[in-house]
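A short write-up of the structure that comes next.
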Amino acid sequence: MNIMTWSSLNAGVATPEIFLLCATCAILLIDVFLSDAKRHISYVLTLATLVATGCLLVAGYSLQPLLAFNGMFVADPLASLSKLGMVVGVILMLVYGRGYAVARGLFRGELFTLTLCALLGMMVMASAVNFVVLYVGLELLSLSLYALVALQRDSSRSTEAAMKYFILGALASGLLLYGMSMIYGATQSLDVFVISQKIANDEANRLLAVFGIVFIVTGLGFKLGAVPFHMWAPDVYDGAPTLISQLIGSAPKVAAFAFIMRILAQALEGFAFDWRSMLMVLAVLSLVIGNLTAIAQVNIKRMFAYSTISHMGFLLLGIMAATPGGYAAAFFYAMTYMLTAAAGFGIIMLLSREGFEADQIADFRGLNKRSPWFAAMMLIVMFSMAGIPVFVGFFAKLAIIQALVGLGLVWLAVIAVLMSVIGAFYYLRIVKVMYFEDPTDAAPIAAGTDAKLVLSVNCLLLLVLGMMPDRLLTALTTALQFSLHTGL
Amino acid sequence: MIEVIFYVFAAVLLFAGLRVITAKNPVHAALYLVLSFFNGAALWMLMQAEFLAVSLIVVYVGAVMVLFLFVVMMLDINFEELRKGFWKYVPVAGVVAVVMAVEMVLILTHRAAQIEGAQLVNHPAGYNNAKVLGQLIYTEYFLPFQLAAVLLLVGMIAAIALTLRKRKNTKYINPADQIQVKRNDRVKIVSMPAEERPSVEAPKADDGQA
């Protein structure tokens with residue numbers, strides 16, 4: 001048995017997580033003593049915590065992977081960069097959602113503490129290199145999200161969405177755990193590096209491991225919302241307060257990417273042949289069903305849910321390639337999709353007001369005449385999601401398709417392109433509704449200056465990254481190279 | 001002998017688990033869950049994991065299930081009404097479950113699986129299960145242990161956020177407000193013109209009725 005020493009604990013590596021946890025507990029306590037009128041103090045503290053966590057992540061960035069907590073936690077570039085992405089995603093959600101939360105009585109201390117706990121879970125998911133820790137991180141994220149979805153407790157739709165999310169999430173966790181136990185049976189280890197070593201040395205029970213992989217991929221499919229495990233996604237996105245839909249739709253996708261990389265690309269790399277075919281089925285089904293069903297939606301939140309499903313199909317295609325190029329393309333896709341989805345949900349929230357939810361496509365009618373600026377921002381988001389050149393979505397899709405063609409999987413690339421073209425229809429329909437129809441709603445748009453400013457920067461980033469994608473792509477490629485292929 | 005005991009407990013465990021979801025009375029379902037916990041604990045006992053077995057009974061049977069039974073008995077819900085659709089889907093779900101179970105058995109018992117029969121551990125006398133577990137949790141598994149604690153904190157925050165409501169008819173008073181009360185807040189002096197004495201005939205009518 002390992003004896004723990006200070007050097008094997010090496011807790012300094014996890015400074016951002018430790019700081020985040022301490023700050024969360026402090027905010028939890030401070031918030032109790034604040035009256036409702038002073039709730040903005042917790043809000044500012046939460047934002048300060050997030051910014052400080054981001055700074056700690058940047059300060060502790062190292063290309064060489066550093067192990068901590070007896071080899072259960074790793075700080076490598078993959079973890080650090082995806083954590084930075086998650087922190088940005090959560091900051092965006094809080095900034096866009098402030099007015100929305102105040103108008104709906106959601107501006108409470110629990111919103112902040114549960115969001116920070118969800119972020120902690122995501123950060124653990126990205127850094128864990130032991131199946132037990134990976135699972136606990138995932139549960140920390142999921143449990144916080146279930147509660148956040150139900151936070152609007154007098155709304156029966158939110159409660160229904162939370163129940164559906166909870167039950168299917170519990171089922172997915174069970175499947176994932178069963179799969180992990182099979183991998184443990186096949187390799188006698190829970191450590192990601194030991195498992196990959198044993199598989200490389202041919203010491204693992206192949207049939208048992210592949211049996212476990214089936215359950216792991218199913219569990220991951222549920223959590224990502226990939227077809228045929230996607231049934232919860234539209235109901236949850238639609239039923240949850242938009243603020244929480246944004247949280248579910250943006251940052252956790254980056255965490256899920258890192259999570260999949262740890263399990264499939266790092267631990268089970270030796271069985272890539274087996275999980276690639278499973279991911280391929282999930283990806284193709286997600287692309288086809290996600291895009292085709294999105295066309296029929298009249299509710300923009302449901303439309304975003306189906307569009308997320310199709311984007312997850314793209315993400316899975318990149319991972320499925322199982323090459324450094326494919327992984328880097330998928331990482332780029334996850335990061336930029338997080339930014340795009342955050343802006344999309346942000347606009348829905350900023351157009352909403354007390355007692356009115358701008359969640360129907362009809363609510364966007366003639367937006368250009370009401371506010372040309374908002375219409376332009378939505379235009380950028382829609383073009384980016386549709387993958388129209390110059391915007392970042394195009395390069396994200398291009399990188400994935402390049403990886404596929406490089407492997408000779410031209411038919412998969414053709415399906416991906418065809419489905420993107422079909423998908424462009426429902427994105428462009430929103431643009432048409434905004435620019436070529438007359439407004440039916442004349443109420444002024446009351447959005448805060450801070451949110452408007454951040455939204456402008458966010459959308460500008462979609463444009464700038466689209467024009468100069470190389471630097472981010474190179475950074476992510478290098479990060480993955482150092483994370484996946486440095487022997488520890 | 002141990003094999004026979006294992007199969008008996010395992011069979012009862014499976015039966016109890018099945019009854020948990022098929023029992024019509026929710027109290028019966030909860031009691032079947034207690035039975036399945038007891039059998040699970042017995043299986044752990046066979047593996048000489050006595051600490052886990054005892055804590056399963058103490059925590060789940062002693063605390064969680066008793067609370068659960070209380071809740072079930074307090075709530076006046078017609079559970080049969082809630083699960084009207086349940087029996088309609090049982091045939092389809094049953095077929096899917098049986099197919100999956102058969103597939104899993106076929107794979108795991110296949111020759112290529114090479115799964116050796118389970119070896120029951122045999123610890124020397126004086127082996128302390130709780131001590132080994134404690135040493136692992138507080139040293140090697142320090143990180144997941146701490147994170148599990150955070151998980152419980154999240155559960156607590158979530159439970160409070162979702163259920164705590166301010167009561168409308170509360171009789172709570174703020175002592176600070178009580179102390180700061182001035183005479184003018186409570187007593188109002190109204191100046192009224194002097195009035196004549198009412199006539200004495202009115203009470204007389206009352207007397208007649210009594």
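Every chain in the structure tokens takes a letter, A first, then B, and so on in the order presented; its residues are numbered from 1, and the ligands are numbered from 1 following the presented order.
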
Counting only C-alpha atoms, which residues of chain A sit at most 7 Å from some atom of chain B, and what is each one's closest atom pair with its distance in Å to one decimal, listed by chain and rising residue number, as JSON lines?
```
{"residue": "A:Asn2", "atom": "CA", "partner": "B:Glu140", "partner_atom": "CA", "distance": 6.8}
{"residue": "A:Met4", "atom": "CA", "partner": "B:Thr139", "partner_atom": "CA", "distance": 5.5}
{"residue": "A:Phe69", "atom": "CA", "partner": "B:Leu143", "partner_atom": "CA", "distance": 6.3}
{"residue": "A:Asn70", "atom": "CA", "partner": "B:Glu140", "partner_atom": "CA", "distance": 6.1}
{"residue": "A:Glu110", "atom": "CA", "partner": "B:Ala161", "partner_atom": "CA", "distance": 6.4}
{"residue": "A:Leu114", "atom": "CA", "partner": "B:Val154", "partner_atom": "CA", "distance": 6.9}
{"residue": "A:Val132", "atom": "CA", "partner": "B:Pro144", "partner_atom": "CA", "distance": 6.8}
{"residue": "A:Val133", "atom": "CA", "partner": "B:Pro144", "partner_atom": "CA", "distance": 5.3}
{"residue": "A:Val136", "atom": "CA", "partner": "B:Pro144", "partner_atom": "CA", "distance": 6.7}
{"residue": "A:Leu140", "atom": "CA", "partner": "B:Leu151", "partner_atom": "CA", "distance": 5.6}
{"residue": "A:Ser144", "atom": "CA", "partner": "B:Val154", "partner_atom": "CA", "distance": 6.5}
{"residue": "A:Ala147", "atom": "CA", "partner": "B:Ala158", "partner_atom": "CA", "distance": 5.5}
{"residue": "A:Leu151", "atom": "CA", "partner": "B:Leu162", "partner_atom": "CA", "distance": 6.4}
{"residue": "A:Arg153", "atom": "CA", "partner": "B:Leu162", "partner_atom": "CA", "distance": 6.5}
{"residue": "A:Leu207", "atom": "CA", "partner": "B:Ala113", "partner_atom": "CA", "distance": 5.3}
{"residue": "A:Leu208", "atom": "CA", "partner": "B:Ala113", "partner_atom": "CA", "distance": 6.3}
```

Save the residues we just selected, C-alpha atoms, as a PDB file, in the first residue's frame?
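The result, stored in again30.pdb:
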```pdb
ATOM      1  CA  ASN A   2       1.234   3.483  -0.825  1.00  0.00           C
ATOM      2  CA  MET A   4       1.060   9.164   1.615  1.00  0.00           C
ATOM      3  CA  PHE A  69      -3.098  13.475  -4.749  1.00  0.00           C
ATOM      4  CA  ASN A  70      -1.278  10.143  -5.132  1.00  0.00           C
ATOM      5  CA  GLU A 110     -28.081  29.104  -4.027  1.00  0.00           C
ATOM      6  CA  LEU A 114     -24.582  25.655  -6.890  1.00  0.00           C
ATOM      7  CA  VAL A 132     -13.291   7.023  -8.985  1.00  0.00           C
ATOM      8  CA  VAL A 133     -12.366  10.716  -9.144  1.00  0.00           C
ATOM      9  CA  VAL A 136     -17.231  11.833  -8.393  1.00  0.00           C
ATOM     10  CA  LEU A 140     -20.770  16.822  -8.545  1.00  0.00           C
ATOM     11  CA  SER A 144     -25.661  20.724  -9.014  1.00  0.00           C
ATOM     12  CA  ALA A 147     -30.929  21.317  -8.458  1.00  0.00           C
ATOM     13  CA  LEU A 151     -34.530  26.178  -8.802  1.00  0.00           C
ATOM     14  CA  ARG A 153     -39.685  25.596  -7.914  1.00  0.00           C
ATOM     15  CA  LEU A 207     -13.633  -9.296 -24.120  1.00  0.00           C
ATOM     16  CA  LEU A 208     -14.448  -8.016 -20.652  1.00  0.00           C
TER      17      LEU A 208
END
```

Determine which residues of segment 281-433 of chain A DSSP labels as alpha helix (DSSP H) from the backbone of this structure, then write them out as a ChimeraX atom specification.
/A:281-295,300-321,324-351,367-370,372-386,392-406,410-433

Between atom CA of Pro77 of chain A and atom CA of Ser189 of chain A, what is the spacing in Å?
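Spanning atom CA of Ser189 of chain A to atom CA of Pro77 of chain A is a straight-line distance of 24.6 Å.
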
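On the backbone of this structure, DSSP gives strand (DSSP E or B) within segment 62-249 of chain A to A:Leu66, A:Leu67, A:Ala68, A:Phe73, A:Val74, A:Ala75, A:Ala128, A:Asn130, A:Asp191.
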
Rounded to one decimal in Å, what is the spacing between atom CA of Ala322 of chain A and atom CA of Ile309 of chain A?
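If I compute the distance from atom CA of Ala322 of chain A to atom CA of Ile309 of chain A, I get 20.6 Å.
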
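Atom to atom, atom CA of Lys253 of chain A and atom CA of Ala334 of chain A stand 6.4 Å apart.
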
With only C-alpha atoms as the counted atoms, please give the residues lying no more than 12 Å from Leu455 of chain A, apart from itself and same-chain residues fewer than 6 positions off, as an NGL selection string.
:A and (91-93 or 95-97 or 339-350 or 373-374 or 376-378 or 380-381 or 447-449 or 461-462)

Residue subset to file, keeping C-alpha atoms, as a PDB file, in the first residue's frame:
```
ATOM      1  CA  ILE A  91     -18.760  34.012 -16.264  1.00  0.00           C
ATOM      2  CA  LEU A  92     -20.737  34.574 -19.481  1.00  0.00           C
ATOM      3  CA  MET A  93     -23.759  32.779 -18.007  1.00  0.00           C
ATOM      4  CA  VAL A  95     -23.279  38.222 -16.785  1.00  0.00           C
ATOM      5  CA  TYR A  96     -25.996  37.518 -19.378  1.00  0.00           C
ATOM      6  CA  GLY A  97     -28.323  35.974 -16.835  1.00  0.00           C
ATOM      7  CA  LEU A 339     -18.666  30.512 -26.882  1.00  0.00           C
ATOM      8  CA  THR A 340     -21.324  30.361 -29.603  1.00  0.00           C
ATOM      9  CA  ALA A 341     -23.966  28.641 -27.471  1.00  0.00           C
ATOM     10  CA  ALA A 342     -23.319  31.060 -24.596  1.00  0.00           C
ATOM     11  CA  ALA A 343     -23.964  34.025 -26.893  1.00  0.00           C
ATOM     12  CA  GLY A 344     -27.089  32.402 -28.387  1.00  0.00           C
ATOM     13  CA  PHE A 345     -28.732  31.737 -25.034  1.00  0.00           C
ATOM     14  CA  GLY A 346     -27.489  35.121 -23.811  1.00  0.00           C
ATOM     15  CA  ILE A 347     -29.466  36.917 -26.528  1.00  0.00           C
ATOM     16  CA  ILE A 348     -32.644  34.990 -25.621  1.00  0.00           C
ATOM     17  CA  MET A 349     -32.210  36.098 -22.008  1.00  0.00           C
ATOM     18  CA  LEU A 350     -31.462  39.722 -22.854  1.00  0.00           C
ATOM     19  CA  TRP A 373     -27.421  45.784 -32.775  1.00  0.00           C
ATOM     20  CA  PHE A 374     -29.138  42.734 -31.233  1.00  0.00           C
ATOM     21  CA  ALA A 376     -26.483  41.774 -35.841  1.00  0.00           C
ATOM     22  CA  MET A 377     -25.279  39.817 -32.796  1.00  0.00           C
ATOM     23  CA  MET A 378     -27.855  37.065 -33.398  1.00  0.00           C
ATOM     24  CA  ILE A 380     -23.206  36.347 -36.091  1.00  0.00           C
ATOM     25  CA  VAL A 381     -24.260  33.532 -33.727  1.00  0.00           C
ATOM     26  CA  ALA A 447     -30.672  44.931 -21.349  1.00  0.00           C
ATOM     27  CA  GLY A 448     -27.921  46.051 -18.987  1.00  0.00           C
ATOM     28  CA  THR A 449     -24.843  47.810 -20.390  1.00  0.00           C
ATOM     29  CA  LEU A 461     -14.522  36.866 -30.706  1.00  0.00           C
ATOM     30  CA  LEU A 462     -16.588  34.517 -32.893  1.00  0.00           C
TER      31      LEU A 462
END
```

I'd like the contact shell of segment 268-276 of chain A - 6 Å cut-off, only C-alpha atoms, skipping same-chain residues fewer than 5 positions apart - returned as a list in words.
Ser196, Ile199 and Met320 of chain A

Keeping all heavy atoms, export the residues of the selection given above as a compact mmCIF listing (two decimals), in the first residue's frame.
```
# COMPACT_ATOMS: atom_id res chain seq x y z
N SER A 196 -3.93 2.04 -19.35
CA SER A 196 -3.43 2.11 -20.72
C SER A 196 -2.14 1.29 -20.85
O SER A 196 -1.91 0.65 -21.87
CB SER A 196 -3.22 3.56 -21.14
OG SER A 196 -1.96 4.00 -20.76
N ILE A 199 -3.12 -2.39 -21.07
CA ILE A 199 -3.68 -2.73 -22.37
C ILE A 199 -2.55 -2.82 -23.40
O ILE A 199 -2.52 -3.73 -24.23
CB ILE A 199 -4.74 -1.69 -22.79
CG1 ILE A 199 -5.95 -1.81 -21.86
CG2 ILE A 199 -5.17 -1.91 -24.23
CD1 ILE A 199 -6.99 -0.76 -22.09
N MET A 320 -13.81 10.42 -32.78
CA MET A 320 -13.85 9.13 -33.45
C MET A 320 -12.63 8.94 -34.36
O MET A 320 -12.16 7.83 -34.54
CB MET A 320 -15.15 9.05 -34.25
CG MET A 320 -15.54 7.72 -34.71
SD MET A 320 -15.15 7.28 -36.34
CE MET A 320 -14.84 8.60 -37.32
```

So which residues touch segment 35-38 of chain B within 8 Å, counting only C-alpha atoms, skipping near sequence neighbours fewer than 5 positions away, as a PyMOL selection string?
chain B and resi 12-14+16-17+56-57+60-61

With a cut-off of 10 Å, could you pull out the residues of segment 86-193 of chain B touching segment 19-29 of chain B and give me the nearest pair of atoms for each, distance in Å to one decimal, using only C-alpha atoms, ordered by chain and ascending number, as a Markdown table?
```
| residue | atom | partner | partner_atom | distance |
| --- | --- | --- | --- | --- |
| B:Phe86 | CA | B:Thr22 | CA | 9.3 |
| B:Trp87 | CA | B:Thr22 | CA | 9.2 |
| B:Val90 | CA | B:Thr22 | CA | 9.9 |
```

If you count only C-alpha atoms, which residues fall within 12 Å of Met385 of chain A, apart from same-chain ones fewer than 6 positions away, as a count of residues only?
39

Out of A:Glu357, A:Glu160, A:Asp441, A:Asp31, which residue has the shortest atom-to-atom distance to Ala103 of chain A when counting only C-alpha atoms?
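Comparing A:Glu357, A:Glu160, A:Asp441, A:Asp31 against Ala103 of chain A, the winner is A:Glu357.
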
Near-Val4 of chain B list (12 Å; only C-alpha atoms; drop same-chain fewer than 6 positions) as a short mmCIF file (atom, residue, chain, number, x, y, z; two decimals) with all heavy atoms, in the first residue's frame:
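Dumped to out06.cif:
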```cif
data_model
loop_
_atom_site.label_atom_id
_atom_site.label_comp_id
_atom_site.auth_asym_id
_atom_site.auth_seq_id
_atom_site.Cartn_x
_atom_site.Cartn_y
_atom_site.Cartn_z
N ALA B 10 -28.26 -14.68 -2.77
CA ALA B 10 -28.36 -13.98 -4.04
C ALA B 10 -29.77 -14.10 -4.61
O ALA B 10 -30.32 -13.13 -5.15
CB ALA B 10 -27.33 -14.54 -5.02
N ALA B 11 -30.37 -15.30 -4.48
CA ALA B 11 -31.72 -15.50 -5.01
C ALA B 11 -32.71 -14.62 -4.27
O ALA B 11 -33.57 -13.97 -4.89
CB ALA B 11 -32.11 -16.98 -4.90
N LEU B 43 -24.05 -10.96 1.76
CA LEU B 43 -23.07 -11.31 0.73
C LEU B 43 -21.71 -10.71 1.06
O LEU B 43 -20.67 -11.34 0.87
CB LEU B 43 -23.54 -10.82 -0.64
CG LEU B 43 -24.74 -11.55 -1.23
CD1 LEU B 43 -25.05 -11.02 -2.62
CD2 LEU B 43 -24.48 -13.04 -1.30
N LEU B 46 -20.00 -12.74 3.59
CA LEU B 46 -19.37 -13.93 3.02
C LEU B 46 -17.98 -13.60 2.50
O LEU B 46 -17.09 -14.44 2.51
CB LEU B 46 -20.21 -14.47 1.87
CG LEU B 46 -21.42 -15.33 2.21
CD1 LEU B 46 -22.04 -15.83 0.94
CD2 LEU B 46 -21.00 -16.49 3.09
#
```

Selected residue of minimal separation from Leu351 of chain A among A:Ala386, A:Ala451, A:Leu398, A:Ala296, counting only C-alpha atoms
A:Ala451
